[in-house]
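In what follows, a structure is listed as structure tokens, so that the remarks can point back to it.
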Amino acid sequence: MSIGEAAAASGVTAKMIRHYEDMHLIPEASRTLAGYRMYSDKDVHILRFVRRARGLGFSIKQIADLLGLWRDQSRSSARVKALALEHIAELERKIAEMQTMKTELERLAHCCHGDHRPECPILEQLAGDSPADAG
């Protein structure tokens, strides 16, 4: 199937298919005599795997590792689980960072009058002109 058909069948854009191919995340597509990329059902299956993994927030490196494990029929599921648990810990760190950002923005928004006056603690904090940037 063509790259457009593979994109439609996998839910991955043609641009991202080319990107994944350039990064060697997916095998290089076979080509027609005219040079057009051609994809098999197996290629689409791999693209769906990548799309689902990206949807869970795995990095390209992690996806490459997962693909390697998926292809290795003698793999230990313990390694797959370890990768998933590492990713969960990473997500928890990011969530904590985002919660801290949210709390700080809520505090700054509460301090802003939001009226006709030009004074704004949000902008002052971003500019580093506020005593709030010490905390």
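Numbering starts fresh at 1 for the residues of each chain in the structure tokens, the chains themselves are lettered A, B, ... in the order given, and ligands are numbered from 1 as they appear.
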Can you tell me which residues surround His45 in chain A at a distance of at most 10 Å, considering only C-alpha atoms, apart from same-chain residues fewer than 5 positions away, and format the answer as a PyMOL selection string?
chain A and resi 6+9-10+40+50-51
From the DSSP assignment of the backbone, select every residue of chain A that is strand (DSSP E), and format the answer as a ChimeraX atom specification.
/A:30-31,37-38
Given the selection you just returned, output its residues as a file containing N, CA, C and O atoms, formatted as a short mmCIF file (atom, residue, chain, number, x, y, z; two decimals), in the first residue's frame.
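The resulting part03.cif:
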data_model
loop_
_atom_site.label_atom_id
_atom_site.label_comp_id
_atom_site.auth_asym_id
_atom_site.auth_seq_id
_atom_site.Cartn_x
_atom_site.Cartn_y
_atom_site.Cartn_z
N SER A 30 9.86 -0.54 1.08
CA SER A 30 10.25 -0.96 -0.27
C SER A 30 9.78 0.14 -1.23
O SER A 30 8.94 0.98 -0.88
N ARG A 31 10.32 0.14 -2.41
CA ARG A 31 10.00 1.20 -3.38
C ARG A 31 9.51 0.59 -4.69
O ARG A 31 9.96 -0.48 -5.09
N ARG A 37 7.16 4.91 -2.01
CA ARG A 37 7.23 3.98 -0.88
C ARG A 37 6.02 3.05 -0.91
O ARG A 37 4.91 3.48 -1.18
N MET A 38 6.27 1.79 -0.54
CA MET A 38 5.20 0.80 -0.45
C MET A 38 5.29 0.12 0.91
O MET A 38 6.38 -0.26 1.35
#
Using only C-alpha atoms, which residues sit within 12 Å of Gly35 in chain A once same-chain residues fewer than 5 positions away are excluded, as an MDAnalysis selection string?
chainID A and resid 2:3 29:30
With C-alpha atoms kept, could you save the residues just selected as a PDB file, in the first residue's frame?
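Final file, again.pdb:
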ATOM      1  CA  SER A   2       1.088   3.594  -0.558  1.00  0.00           C
ATOM      2  CA  ILE A   3       2.235   5.885   2.240  1.00  0.00           C
ATOM      3  CA  ALA A  29       9.909   0.933   2.953  1.00  0.00           C
ATOM      4  CA  SER A  30      10.246  -0.956  -0.265  1.00  0.00           C
TER       5      SER A  30
END
Taking 5 positions as the minimum chain separation for residues in the same chain, which residues sit within 9 Å of Ile122 in chain A when counting only C-alpha atoms? Answer as a PyMOL selection string.
chain A and resi 105+108-109+111-112+127+130
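Using only C-alpha atoms, the smallest distance between any of A:Leu47, A:Ala7, A:Leu56, A:Val12 and Ile88 in chain A comes from A:Leu56.
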Please provide as a list in words all residues within 10 Å of Glu90 in chain A, with the sequence filter that same-chain residues fewer than 5 positions apart are discarded (counting only C-alpha atoms).
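Here the qualifying residues turn out to be Gly57, Phe58, Ala84, Leu85, Ile95 and Ala96 of chain A.
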With DSSP run on the backbone, what are the helix (DSSP H, G or I) residues within range 12-48 of chain A? I'd like them as an MDAnalysis selection string.
chainID A and resid 14:22 41:48
Identify, on the basis of only C-alpha atoms, every residue whose closest approach to His19 in chain A does not exceed 12 Å; exclude the query and any residue fewer than 6 positions from it along the same chain; express the result as a PyMOL selection string.
chain A and resi 12-13+25-28+47+60
Considering only C-alpha atoms, can you say which of A:Val44, A:Ala82, A:Leu91, A:Leu67 comes closest to Ala8 in chain A?
A:Val44
